[in-house]
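Everything below belongs to entry04.cif, which stores mmCIF, C-alpha atoms.
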data_data
#
loop_
_atom_site.label_atom_id
_atom_site.label_comp_id
_atom_site.auth_asym_id
_atom_site.auth_seq_id
_atom_site.Cartn_x
_atom_site.Cartn_y
_atom_site.Cartn_z
CA MET A 1 82.64 49.52 56.33
CA VAL A 2 80.97 46.57 54.70
CA HIS A 3 82.50 43.24 54.04
CA ASN A 4 81.59 39.64 53.94
CA LYS A 5 81.18 38.20 57.41
CA LEU A 6 81.74 34.49 57.63
CA PRO A 7 81.23 32.36 60.70
CA ARG A 8 84.44 31.86 62.63
CA THR A 9 85.04 28.36 61.45
CA PRO A 10 88.64 27.12 61.43
CA LEU A 11 90.68 28.03 58.36
CA PRO A 12 90.66 25.47 55.56
CA ARG A 13 93.87 23.43 55.28
CA ILE A 14 94.34 23.60 51.54
CA TYR A 15 95.59 26.86 50.15
CA LEU A 16 95.37 27.69 46.44
CA ILE A 17 97.25 30.59 44.89
CA SER A 18 96.35 31.96 41.47
CA SER A 19 98.78 31.71 38.58
CA GLY A 20 99.82 35.33 38.20
CA GLN A 21 98.91 35.02 34.53
CA GLU A 22 95.40 36.34 34.51
CA ASN A 23 94.31 38.78 31.87
CA HIS A 24 90.88 39.92 30.95
CA ASN A 25 90.76 38.93 27.34
CA LYS A 26 89.77 35.34 27.92
CA GLU A 27 88.17 33.11 30.48
CA THR A 28 90.73 32.82 33.20
CA SER A 29 92.08 29.72 34.89
CA LEU A 30 91.34 31.18 38.31
CA LEU A 31 87.63 31.57 37.69
CA ARG A 32 87.45 28.28 35.81
CA ASN A 33 89.14 26.39 38.66
CA LEU A 34 87.04 28.09 41.34
CA ASN A 35 83.96 26.83 39.55
CA LEU A 36 85.39 23.30 39.64
CA ILE A 37 85.93 23.09 43.40
CA PRO A 38 83.66 20.32 44.70
CA GLY A 39 80.97 21.53 47.07
CA SER A 40 82.25 19.67 50.10
CA LEU A 41 85.78 20.92 49.79
CA CYS A 42 86.64 24.31 51.22
CA CYS A 43 89.95 26.01 50.54
CA MET A 44 91.93 29.13 51.15
CA VAL A 45 92.16 30.92 47.79
CA GLN A 46 94.58 33.76 47.21
CA ILE A 47 94.22 35.97 44.14
CA ARG A 48 97.81 36.88 43.41
CA GLU A 49 97.99 38.77 40.12
CA LYS A 50 100.60 41.45 40.55
CA GLN A 51 100.68 42.22 36.83
CA LEU A 52 97.09 43.47 36.86
CA ASN A 53 96.30 47.12 37.51
CA ALA A 54 93.89 47.89 40.33
CA LYS A 55 90.90 48.28 38.04
CA ARG A 56 91.38 44.85 36.48
CA LEU A 57 92.28 43.22 39.76
CA LEU A 58 89.06 44.55 41.25
CA THR A 59 87.04 43.21 38.32
CA LEU A 60 88.63 39.79 38.74
CA ALA A 61 88.06 39.82 42.51
CA LEU A 62 84.41 40.77 42.05
CA LYS A 63 83.93 37.93 39.56
CA ALA A 64 85.59 35.47 41.92
CA ARG A 65 83.39 36.67 44.76
CA GLU A 66 80.27 36.02 42.69
CA ILE A 67 81.08 32.34 42.38
CA GLY A 68 79.23 30.16 44.87
CA LEU A 69 82.16 28.67 46.76
CA PRO A 70 81.88 25.89 49.37
CA GLU A 71 81.01 27.11 52.86
CA GLY A 72 84.09 27.95 54.86
CA THR A 73 86.12 28.94 51.81
CA ARG A 74 88.25 32.01 52.38
CA LEU A 75 88.85 34.21 49.38
CA LEU A 76 91.85 36.49 49.76
CA VAL A 77 93.79 38.91 47.61
CA ASN A 78 97.49 39.61 47.64
CA GLU A 79 98.41 42.80 49.53
CA ARG A 80 95.59 45.13 48.46
CA VAL A 81 93.23 45.72 51.37
CA ASP A 82 91.31 48.25 49.29
CA ILE A 83 90.52 45.61 46.67
CA ALA A 84 89.55 43.13 49.39
CA LEU A 85 87.17 45.66 50.91
CA ALA A 86 85.66 46.71 47.61
CA ALA A 87 85.09 43.10 46.49
CA ARG A 88 83.99 41.91 49.96
CA LEU A 89 86.71 39.30 50.18
CA ASP A 90 87.54 37.43 53.37
CA GLY A 91 91.09 38.54 53.77
CA VAL A 92 94.41 39.78 52.53
CA HIS A 93 97.70 37.99 52.12
CA LEU A 94 100.72 40.17 52.82
CA PRO A 95 104.05 39.55 51.07
CA GLU A 96 107.13 39.97 53.23
CA LYS A 97 107.75 43.58 52.14
CA SER A 98 104.22 44.88 52.54
CA CYS A 99 102.67 46.55 55.56
CA PHE A 100 102.26 44.69 58.85
CA PRO A 101 98.83 43.31 59.78
CA TYR A 102 98.48 45.72 62.71
CA GLN A 103 98.90 48.68 60.34
CA LEU A 104 96.06 47.47 58.12
CA ARG A 105 93.66 45.75 60.50
CA PRO A 106 91.92 49.00 61.52
CA LEU A 107 90.72 49.25 57.89
CA ALA A 108 89.21 45.78 57.96
CA PRO A 109 88.80 44.48 61.53
CA ASN A 110 87.02 41.28 60.52
CA MET A 111 89.33 40.23 57.75
CA ILE A 112 91.97 37.53 57.82
CA PHE A 113 95.53 38.79 57.48
CA GLY A 114 98.18 36.27 56.54
CA CYS A 115 101.88 36.77 55.96
CA SER A 116 104.52 35.20 53.74
CA VAL A 117 107.63 34.39 55.73
CA HIS A 118 110.93 32.97 54.61
CA SER A 119 112.73 32.68 57.93
CA GLN A 120 111.98 31.93 61.55
CA GLU A 121 112.87 35.51 62.45
CA SER A 122 110.35 37.05 60.06
CA ALA A 123 107.75 34.49 61.18
CA LEU A 124 108.04 35.67 64.77
CA ILE A 125 107.82 39.30 63.66
CA ALA A 126 104.70 38.51 61.62
CA GLU A 127 103.15 36.72 64.61
CA LYS A 128 103.84 39.69 66.88
CA SER A 129 102.40 42.11 64.35
CA GLY A 130 99.10 40.30 64.29
CA ALA A 131 99.12 37.73 61.50
CA ASP A 132 96.32 35.16 61.50
CA TYR A 133 98.36 32.57 59.62
CA LEU A 134 101.74 32.18 57.96
CA LEU A 135 102.77 30.93 54.56
CA PHE A 136 106.25 29.40 54.90
CA GLY A 137 108.50 28.22 52.13
CA PRO A 138 109.78 27.16 49.78
CA ILE A 139 109.88 23.78 51.50
CA PHE A 140 110.98 21.90 48.40
CA ASP A 141 112.58 23.03 45.17
CA THR A 142 110.17 24.69 42.77
CA PRO A 143 110.81 26.82 39.66
CA SER A 144 108.35 29.54 40.69
CA LYS A 145 110.02 30.09 44.07
CA ARG A 146 113.67 29.69 43.13
CA ILE A 147 114.12 33.44 43.49
CA TYR A 148 113.74 33.01 47.25
CA GLY A 149 116.89 30.90 47.38
CA THR A 150 117.51 27.36 48.46
CA PRO A 151 114.56 25.39 49.80
CA GLN A 152 113.92 25.61 53.55
CA GLY A 153 113.39 21.88 53.88
CA LEU A 154 111.23 19.90 56.25
CA GLU A 155 113.50 20.47 59.21
CA GLN A 156 113.05 24.26 59.13
CA LEU A 157 109.31 23.78 58.70
CA GLY A 158 109.18 21.58 61.79
CA LYS A 159 111.26 24.08 63.78
CA LEU A 160 108.96 26.93 62.83
CA CYS A 161 105.79 24.98 63.58
CA ARG A 162 107.10 24.32 67.09
CA ALA A 163 108.13 27.98 67.56
CA THR A 164 104.74 29.55 66.83
CA THR A 165 101.13 28.90 67.67
CA LEU A 166 99.90 30.28 64.34
CA PRO A 167 98.64 28.00 61.58
CA ILE A 168 101.50 27.45 59.13
CA PHE A 169 100.85 26.61 55.51
CA ALA A 170 103.76 24.90 53.79
CA ILE A 171 104.44 26.09 50.26
CA GLY A 172 106.92 25.33 47.50
CA GLY A 173 107.15 22.09 45.60
CA ILE A 174 104.39 20.42 47.59
CA THR A 175 102.93 17.34 45.91
CA PRO A 176 100.42 14.74 47.00
CA GLU A 177 103.48 12.57 47.66
CA ASN A 178 105.42 14.88 49.98
CA GLY A 179 102.48 16.80 51.47
CA ALA A 180 102.03 14.26 54.25
CA LEU A 181 105.63 14.88 55.37
CA CYS A 182 104.79 18.58 55.85
CA MET A 183 101.74 17.70 57.92
CA ALA A 184 103.87 15.34 60.00
CA GLU A 185 106.21 18.24 60.79
CA GLY A 186 103.28 20.17 62.23
CA ALA A 187 102.10 22.21 59.26
CA TYR A 188 98.49 23.33 59.55
CA GLY A 189 97.97 22.98 55.84
CA ILE A 190 99.58 22.93 52.43
CA ALA A 191 99.66 25.53 49.73
CA GLY A 192 100.30 25.36 46.04
CA LEU A 193 100.54 27.50 42.98
CA SER A 194 101.77 25.59 39.92
CA ILE A 195 100.29 22.25 40.95
CA PHE A 196 96.82 23.71 40.65
CA GLN A 197 97.37 25.23 37.21
CA ASP A 198 96.52 22.03 35.38
CA THR A 199 92.78 22.42 34.92
CA PHE A 200 92.48 18.88 33.62
CA ARG A 201 93.79 17.37 36.85
CA PHE A 202 92.67 20.18 39.16
CA VAL A 203 89.89 18.37 41.00
CA LYS A 204 91.88 15.15 41.33
CA THR A 205 94.89 17.01 42.76
CA LEU A 206 92.62 18.87 45.14
CA GLU A 207 91.06 15.64 46.37
CA GLN A 208 94.46 14.04 46.87
CA PHE A 209 95.55 16.98 49.01
CA TYR A 210 92.30 16.94 50.91
CA HIS A 211 92.91 13.33 51.76
CA ILE A 212 96.34 14.18 53.16
CA VAL A 213 95.25 17.12 55.32
CA THR A 214 92.25 15.39 56.81
CA LYS A 215 94.07 12.18 57.69
CA MET B 1 89.34 70.61 50.98
CA ILE B 2 91.10 71.48 47.74
CA PRO B 3 93.44 74.45 48.29
CA PRO B 4 92.36 77.88 47.03
CA SER B 5 93.34 78.55 43.45
CA PRO B 6 95.97 78.96 42.14
CA PHE B 7 98.13 76.28 43.71
CA LEU B 8 101.06 74.01 42.98
CA CYS B 9 100.94 70.22 43.22
CA VAL B 10 104.25 68.37 43.26
CA ILE B 11 104.32 64.69 42.36
CA THR B 12 107.21 62.65 43.68
CA ASP B 13 109.75 61.25 41.28
CA ASP B 14 110.79 57.58 41.34
CA ALA B 15 114.44 58.60 41.08
CA PHE B 16 114.57 60.61 44.32
CA CYS B 17 113.58 60.16 47.94
CA PRO B 18 109.90 61.20 48.03
CA VAL B 19 110.16 62.57 51.55
CA THR B 20 113.05 64.86 50.64
CA ILE B 21 111.25 66.11 47.52
CA ALA B 22 108.05 66.62 49.53
CA GLU B 23 109.73 68.70 52.22
CA LEU B 24 111.54 70.93 49.74
CA ALA B 25 108.38 71.38 47.68
CA LEU B 26 106.31 72.24 50.75
CA LYS B 27 108.92 74.74 51.91
CA GLY B 28 108.75 76.25 48.44
CA GLY B 29 104.99 76.69 48.77
CA ALA B 30 103.48 73.58 47.16
CA ALA B 31 99.93 72.99 48.43
CA ILE B 32 99.60 69.33 47.41
CA ILE B 33 102.15 66.52 47.46
CA GLN B 34 101.23 63.43 45.52
CA LEU B 35 103.18 60.35 46.57
CA ARG B 36 103.68 58.33 43.43
CA HIS B 37 106.16 55.50 43.23
CA LYS B 38 105.36 52.54 41.03
CA SER B 39 108.06 50.12 42.18
CA ALA B 40 108.20 50.67 45.95
CA SER B 41 107.03 47.93 48.32
CA GLY B 42 103.90 48.34 50.40
CA SER B 43 105.80 48.88 53.64
CA GLN B 44 108.05 51.46 52.00
CA LEU B 45 105.07 53.35 50.57
CA PHE B 46 103.33 53.24 53.92
CA SER B 47 106.25 54.76 55.80
CA TRP B 48 106.74 57.46 53.15
CA ALA B 49 103.02 58.23 53.32
CA VAL B 50 103.16 58.61 57.09
CA GLU B 51 106.20 60.89 56.91
CA ILE B 52 104.86 63.04 54.08
CA SER B 53 101.49 63.35 55.84
CA LYS B 54 103.29 64.70 58.91
CA LEU B 55 105.22 67.18 56.77
CA CYS B 56 102.00 68.25 55.12
CA GLN B 57 100.43 68.97 58.49
CA LYS B 58 103.46 71.03 59.45
CA TYR B 59 103.49 73.05 56.23
CA ARG B 60 99.71 73.06 55.73
CA GLY B 61 99.75 71.05 52.56
CA LEU B 62 97.80 67.98 51.50
CA CYS B 63 99.24 64.51 51.10
CA ILE B 64 97.65 62.51 48.29
CA ILE B 65 98.60 58.89 47.55
CA ASN B 66 98.67 57.61 43.99
CA ASP B 67 96.60 54.47 43.30
CA ARG B 68 96.80 52.82 46.74
CA VAL B 69 93.53 53.58 48.50
CA ASP B 70 94.52 51.19 51.30
CA ILE B 71 97.83 52.97 51.94
CA ALA B 72 96.01 56.31 52.03
CA MET B 73 93.53 54.96 54.57
CA ALA B 74 96.14 53.28 56.75
CA SER B 75 98.63 56.16 56.75
CA GLY B 76 96.17 58.93 57.50
CA ALA B 77 96.92 60.74 54.23
CA ASP B 78 94.49 63.36 52.95
CA GLY B 79 93.38 61.41 49.92
CA VAL B 80 94.15 59.44 46.80
CA HIS B 81 94.83 60.13 43.18
CA LEU B 82 93.40 57.56 40.79
CA GLY B 83 94.40 56.94 37.20
CA GLN B 84 92.01 55.54 34.61
CA LYS B 85 93.44 52.06 35.31
CA ASP B 86 93.09 52.31 39.07
CA MET B 87 90.07 51.64 41.25
CA PRO B 88 87.03 53.60 39.97
CA ALA B 89 86.36 56.75 42.00
CA ASP B 90 82.83 55.77 43.05
CA ILE B 91 84.14 52.58 44.67
CA ALA B 92 87.06 54.40 46.27
CA ARG B 93 84.59 56.94 47.67
CA LYS B 94 82.70 54.21 49.48
CA LEU B 95 85.91 53.09 51.14
CA LEU B 96 87.28 56.54 51.91
CA GLY B 97 84.17 58.38 53.04
CA LYS B 98 83.38 62.00 52.31
CA LYS B 99 86.23 63.67 54.13
CA ARG B 100 89.13 62.31 52.14
CA ILE B 101 90.04 63.81 48.78
CA ILE B 102 89.79 61.84 45.56
CA GLY B 103 91.51 63.08 42.44
CA VAL B 104 91.13 61.39 39.07
CA SER B 105 93.38 61.57 36.02
CA ALA B 106 91.50 62.40 32.83
CA SER B 107 92.68 63.13 29.33
CA SER B 108 89.31 63.88 27.75
CA LEU B 109 86.09 65.65 28.63
CA GLU B 110 84.27 62.30 28.80
CA GLU B 111 86.68 60.93 31.37
CA ALA B 112 86.50 64.14 33.37
CA LEU B 113 82.68 64.15 33.41
CA GLN B 114 82.61 60.50 34.41
CA ALA B 115 85.00 61.22 37.30
CA GLU B 116 82.80 64.13 38.34
CA LYS B 117 79.79 61.81 38.33
CA ASP B 118 81.74 59.22 40.33
CA GLY B 119 82.35 61.70 43.11
CA ALA B 120 85.87 62.96 42.43
CA ASP B 121 87.00 66.16 44.12
CA TYR B 122 89.37 67.29 41.42
CA ILE B 123 90.53 66.29 37.96
CA GLY B 124 94.15 65.89 36.98
CA PHE B 125 93.97 66.88 33.32
CA GLY B 126 96.68 66.20 30.78
CA HIS B 127 99.12 65.82 29.48
CA ILE B 128 98.95 69.42 28.33
CA TYR B 129 102.48 69.63 26.89
CA PRO B 130 104.93 66.91 25.83
CA THR B 131 106.38 65.13 28.83
CA TYR B 132 109.02 62.54 29.49
CA SER B 133 108.11 61.91 33.11
CA LYS B 134 105.49 59.37 32.13
CA GLU B 135 105.01 57.29 29.03
CA LYS B 136 102.08 58.52 27.00
CA GLY B 137 100.20 56.89 24.18
CA PHE B 138 98.66 60.03 22.74
CA PRO B 139 99.73 63.55 21.70
CA PRO B 140 99.62 66.43 24.20
CA LEU B 141 96.19 68.00 24.66
CA GLY B 142 97.34 71.62 24.57
CA PRO B 143 96.02 74.62 26.51
CA GLU B 144 92.93 75.04 24.33
CA THR B 145 91.54 71.63 25.24
CA LEU B 146 92.20 72.52 28.86
CA GLN B 147 90.27 75.75 28.48
CA ASN B 148 87.30 74.04 26.78
CA THR B 149 87.19 71.32 29.42
CA ALA B 150 87.47 73.75 32.32
CA ALA B 151 84.52 75.71 30.91
CA LEU B 152 82.28 72.63 31.02
CA LEU B 153 83.41 71.15 34.29
CA SER B 154 82.45 72.30 37.75
CA LEU B 155 85.27 70.44 39.48
CA PRO B 156 88.66 72.08 39.94
CA ILE B 157 91.22 71.02 37.34
CA ILE B 158 94.88 70.45 37.99
CA ALA B 159 96.78 70.74 34.74
CA ILE B 160 99.63 68.28 34.28
CA GLY B 161 102.25 67.37 31.72
CA GLY B 162 105.29 69.34 30.59
CA ILE B 163 104.55 72.26 32.86
CA ASN B 164 107.39 74.65 33.68
CA ILE B 165 108.07 78.16 34.85
CA GLU B 166 107.36 79.60 31.37
CA ASN B 167 103.96 78.04 30.70
CA ALA B 168 102.51 77.50 34.20
CA ALA B 169 100.77 80.85 34.60
CA SER B 170 99.02 80.66 31.22
CA LEU B 171 97.30 77.42 32.26
CA ILE B 172 95.78 79.15 35.27
CA SER B 173 94.43 81.71 32.81
CA CYS B 174 92.93 78.81 30.84
CA GLY B 175 90.89 77.82 33.86
CA ALA B 176 93.10 75.39 35.75
CA ALA B 177 92.83 75.67 39.52
CA GLY B 178 96.34 74.42 39.92
CA VAL B 179 99.31 72.94 38.12
CA ALA B 180 101.07 69.65 38.83
CA VAL B 181 104.71 68.99 38.10
CA ILE B 182 107.20 66.19 38.57
CA SER B 183 110.48 67.00 36.89
CA ALA B 184 110.12 70.80 37.02
CA VAL B 185 110.78 70.50 40.76
CA SER B 186 112.60 67.21 41.28
CA ARG B 187 114.99 67.40 38.32
CA THR B 188 116.45 70.75 39.22
CA ASP B 189 119.51 71.72 41.25
CA GLU B 190 117.33 73.45 43.80
CA PRO B 191 113.87 71.89 44.12
CA LEU B 192 112.87 74.36 46.84
CA MET B 193 113.64 77.36 44.64
CA ALA B 194 111.99 75.72 41.64
CA ALA B 195 108.78 75.22 43.64
CA ARG B 196 108.92 78.76 45.00
CA GLU B 197 109.36 80.23 41.51
CA LEU B 198 106.47 78.18 40.12
CA VAL B 199 104.21 79.28 42.96
CA SER B 200 105.08 82.93 42.50
CA ALA B 201 104.63 82.65 38.72
CA ILE B 202 101.08 81.31 38.98
CA LYS B 203 100.14 83.71 41.79
CA ARG B 204 101.50 86.73 39.97
CA LYS B 205 99.40 86.00 36.93
CA TYR B 206 96.36 85.43 39.05
CA SER B 207 96.44 88.67 41.05
#

Can you present the structure in this file as structure tokens?
Amino acid sequence: MVHNKLPRTPLPRIYLISSGQENHNKETSLLRNLNLIPGSLCCMVQIREKQLNAKRLLTLALKAREIGLPEGTRLLVNERVDIALAARLDGVHLPEKSCFPYQLRPLAPNMIFGCSVHSQESALIAEKSGADYLLFGPIFDTPSKRIYGTPQGLEQLGKLCRATTLPIFAIGGITPENGALCMAEGAYGIAGLSIFQDTFRFVKTLEQFYHIVTK
Amino acid sequence: MIPPSPFLCVITDDAFCPVTIAELALKGGAAIIQLRHKSASGSQLFSWAVEISKLCQKYRGLCIINDRVDIAMASGADGVHLGQKDMPADIARKLLGKKRIIGVSASSLEEALQAEKDGADYIGFGHIYPTYSKEKGFPPLGPETLQNTAALLSLPIIAIGGINIENAASLISCGAAGVAVISAVSRTDEPLMAARELVSAIKRKYS
């Protein structure tokens, strides 16, 4: 099985998630923003486009893979290991109701498998089942994550960071203003979806976050 | 390997438990079970795939997973079935290797020939008759188109779409290696009997 082998450098601390609004009739914000990432700034990037069928998702993933991204960048896709393999991505992000990492790792032994968790209990299950990192949230209130209920808050984030040895990315309503609070609670990094949609301010936002996580 | 012709393929129905349908269909003589469920979560699909694969070993059938090449690989299923909007068969073949089965849905000779070129093992061809199980954007192809396509294709064809006990056997005569049904098994009072009757109908015609 072929896939992209990257040196085992630590995971980047900024985590970008695509908009979920990609379609193939126009230049997409995902590809446009990937091209804008400054060369010194590596990120985790998750392609999360559940509305696309597998054929279109694969096309998008292949296009994203072709972009010369900064060294150390990890390009992941939501849930679909087959797409990750076919497009030689670096990993797969598993939503809470998808398979466990141990069930999928035999298909892609060198890939990164991360898990979304919304409680301490599911975080510990994900850790035991072989996750490489966790995405925990929503920390703050955010329209896109309101379906997951009330925000977890900084206290729960801190509790979880102390309960597991895995890198935890905080997600949900993270801004350059409150991102430092997440890092202070022990988060490994910070993740965002809507904050990175503004192409005009994309690089500036990215640099602000980078400043916070490297402090 | 694709089962010897003629055979019955039963596709699971979103409205019923796929494992229950699969077991009844296998007991009734179905040779292929295709697990198809568009709204189930990944973990749910995976556990169904594992259970149906076990049933298929027990009853000597094949378990084919719709769309999700990764679930097929992880669950140990026998193969995948790919629609025109799923991963192209040539790419799926690289992931799955030679031993696993790849079926491709086609509704024209062009699509069928392309799938053949891409390394598919069988073609799901249809819809032959009007069907309500899936939304379609084009009129039914009819048995004649099936016959013409089968004559030009070396791959086995599984006819699909609006197939029932009355018309199943005639499609085998048109050159289909097998027939695939959803509602003709799942939406009946006795799915096991429905499968058994379909199997005997296509075998009777064939012998």

- Within 10 Å of B:Ala15, counting all atoms listed in the file, which residues show up once you throw out same-chain ones fewer than 4 positions away? Write them as a ChimeraX atom specification, please. /B:37,186-187

- Query: Applied to this file, what does the PyMOL selection byres ((chain A) within 8 of (chain B)) return in terms of residues, put as number ranges by chain?
  - Reply: A: 1, 53-56, 58, 79-82, 85-86, 97-100, 103-104, 106-107

Save out the residues we just selected, C-alpha atoms, as a PDB file, in the coordinates of the input.
ATOM      1  CA  MET A   1      82.640  49.520  56.330  1.00  0.00           C
ATOM      2  CA  ASN A  53      96.300  47.120  37.510  1.00  0.00           C
ATOM      3  CA  ALA A  54      93.890  47.890  40.330  1.00  0.00           C
ATOM      4  CA  LYS A  55      90.900  48.280  38.040  1.00  0.00           C
ATOM      5  CA  ARG A  56      91.380  44.850  36.480  1.00  0.00           C
ATOM      6  CA  LEU A  58      89.060  44.550  41.250  1.00  0.00           C
ATOM      7  CA  GLU A  79      98.410  42.800  49.530  1.00  0.00           C
ATOM      8  CA  ARG A  80      95.590  45.130  48.460  1.00  0.00           C
ATOM      9  CA  VAL A  81      93.230  45.720  51.370  1.00  0.00           C
ATOM     10  CA  ASP A  82      91.310  48.250  49.290  1.00  0.00           C
ATOM     11  CA  LEU A  85      87.170  45.660  50.910  1.00  0.00           C
ATOM     12  CA  ALA A  86      85.660  46.710  47.610  1.00  0.00           C
ATOM     13  CA  LYS A  97     107.750  43.580  52.140  1.00  0.00           C
ATOM     14  CA  SER A  98     104.220  44.880  52.540  1.00  0.00           C
ATOM     15  CA  CYS A  99     102.670  46.550  55.560  1.00  0.00           C
ATOM     16  CA  PHE A 100     102.260  44.690  58.850  1.00  0.00           C
ATOM     17  CA  GLN A 103      98.900  48.680  60.340  1.00  0.00           C
ATOM     18  CA  LEU A 104      96.060  47.470  58.120  1.00  0.00           C
ATOM     19  CA  PRO A 106      91.920  49.000  61.520  1.00  0.00           C
ATOM     20  CA  LEU A 107      90.720  49.250  57.890  1.00  0.00           C
TER      21      LEU A 107
END

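Reported to one decimal place, the separation of atom CA of A:Arg48 from atom CA of A:Pro143 is 16.9 Å.
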
- Note on the structure: Atom pair atom CA of A:Glu155 + atom CA of A:Ile14, distance 20.9 Å

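Interatomic distance, atom CA of A:Arg74 to atom CA of A:Glu207: 17.7 Å.
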
- Message: What's around B:Ala168 at 12 Å? Count all atoms listed in the file, leave out sequence neighbours fewer than 2 positions away in its own chain, and write the answer as a ChimeraX atom specification.
- Response: /B:6-9,128-129,143,158-166,170-181,184,195,197-206

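For the file shown, the residue list from the PyMOL selection byres ((chain A and resi 175) around 10) reads Phe140, Ile171, Gly172, Gly173, Ile174, Pro176, Glu177, Asn178, Gly179, Ala180, Ile190, Ala191, Gly192, Ile195, Thr205, Gln208 and Phe209 of chain A.
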
What does the file look like for those residues with C-alpha atoms, as a JSON list (two decimals), in the frame of the given file?
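selection.json, freshly written:
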[["chain", "number", "residue", "atom", "x", "y", "z"],
["A", 140, "PHE", "CA", 110.98, 21.90, 48.40],
["A", 171, "ILE", "CA", 104.44, 26.09, 50.26],
["A", 172, "GLY", "CA", 106.92, 25.33, 47.50],
["A", 173, "GLY", "CA", 107.15, 22.09, 45.60],
["A", 174, "ILE", "CA", 104.39, 20.42, 47.59],
["A", 176, "PRO", "CA", 100.42, 14.74, 47.00],
["A", 177, "GLU", "CA", 103.48, 12.57, 47.66],
["A", 178, "ASN", "CA", 105.42, 14.88, 49.98],
["A", 179, "GLY", "CA", 102.48, 16.80, 51.47],
["A", 180, "ALA", "CA", 102.03, 14.26, 54.25],
["A", 190, "ILE", "CA", 99.58, 22.93, 52.43],
["A", 191, "ALA", "CA", 99.66, 25.53, 49.73],
["A", 192, "GLY", "CA", 100.30, 25.36, 46.04],
["A", 195, "ILE", "CA", 100.29, 22.25, 40.95],
["A", 205, "THR", "CA", 94.89, 17.01, 42.76],
["A", 208, "GLN", "CA", 94.46, 14.04, 46.87],
["A", 209, "PHE", "CA", 95.55, 16.98, 49.01]]

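Applied to the file shown here, the PyMOL selection byres ((chain B and resi 21) around 9) selects Val10, Ile11, Thr12, Asp13, Phe16, Cys17, Pro18, Val19, Thr20, Ala22, Glu23, Leu24, Ala25, Leu26, Val185, Ser186, Pro191 and Leu192 of chain B.
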
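Residue neighbourhood of A:Ala163, excluding near-sequence residues (fewer than 5 positions): Gln120, Leu124 and Gly158 of chain A, at 9 Å, using all atoms listed in the file.
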
Six-sided padding of 3 Å per side, axis-aligned box over stretch 43-48 of chain B, centre and edges in Å, one decimal, as lines of an AutoDock Vina configuration file:
center_x = 105.7
center_y = 53.2
center_z = 53.2
size_x = 10.7
size_y = 14.6
size_z = 11.2

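Minimum distance to A:Lys215 across A:Ala184, A:Val117, A:Cys161, A:Phe196 (counting all atoms listed in the file) occurs at A:Ala184.
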
- So which residues fall inside 10 Å of (94.5, 59.3, 36.3) if we count all atoms listed in the file? Mind giving them as a PyMOL selection string? chain B and resi 66-67+81-86+103-107+111-112+115+123-126
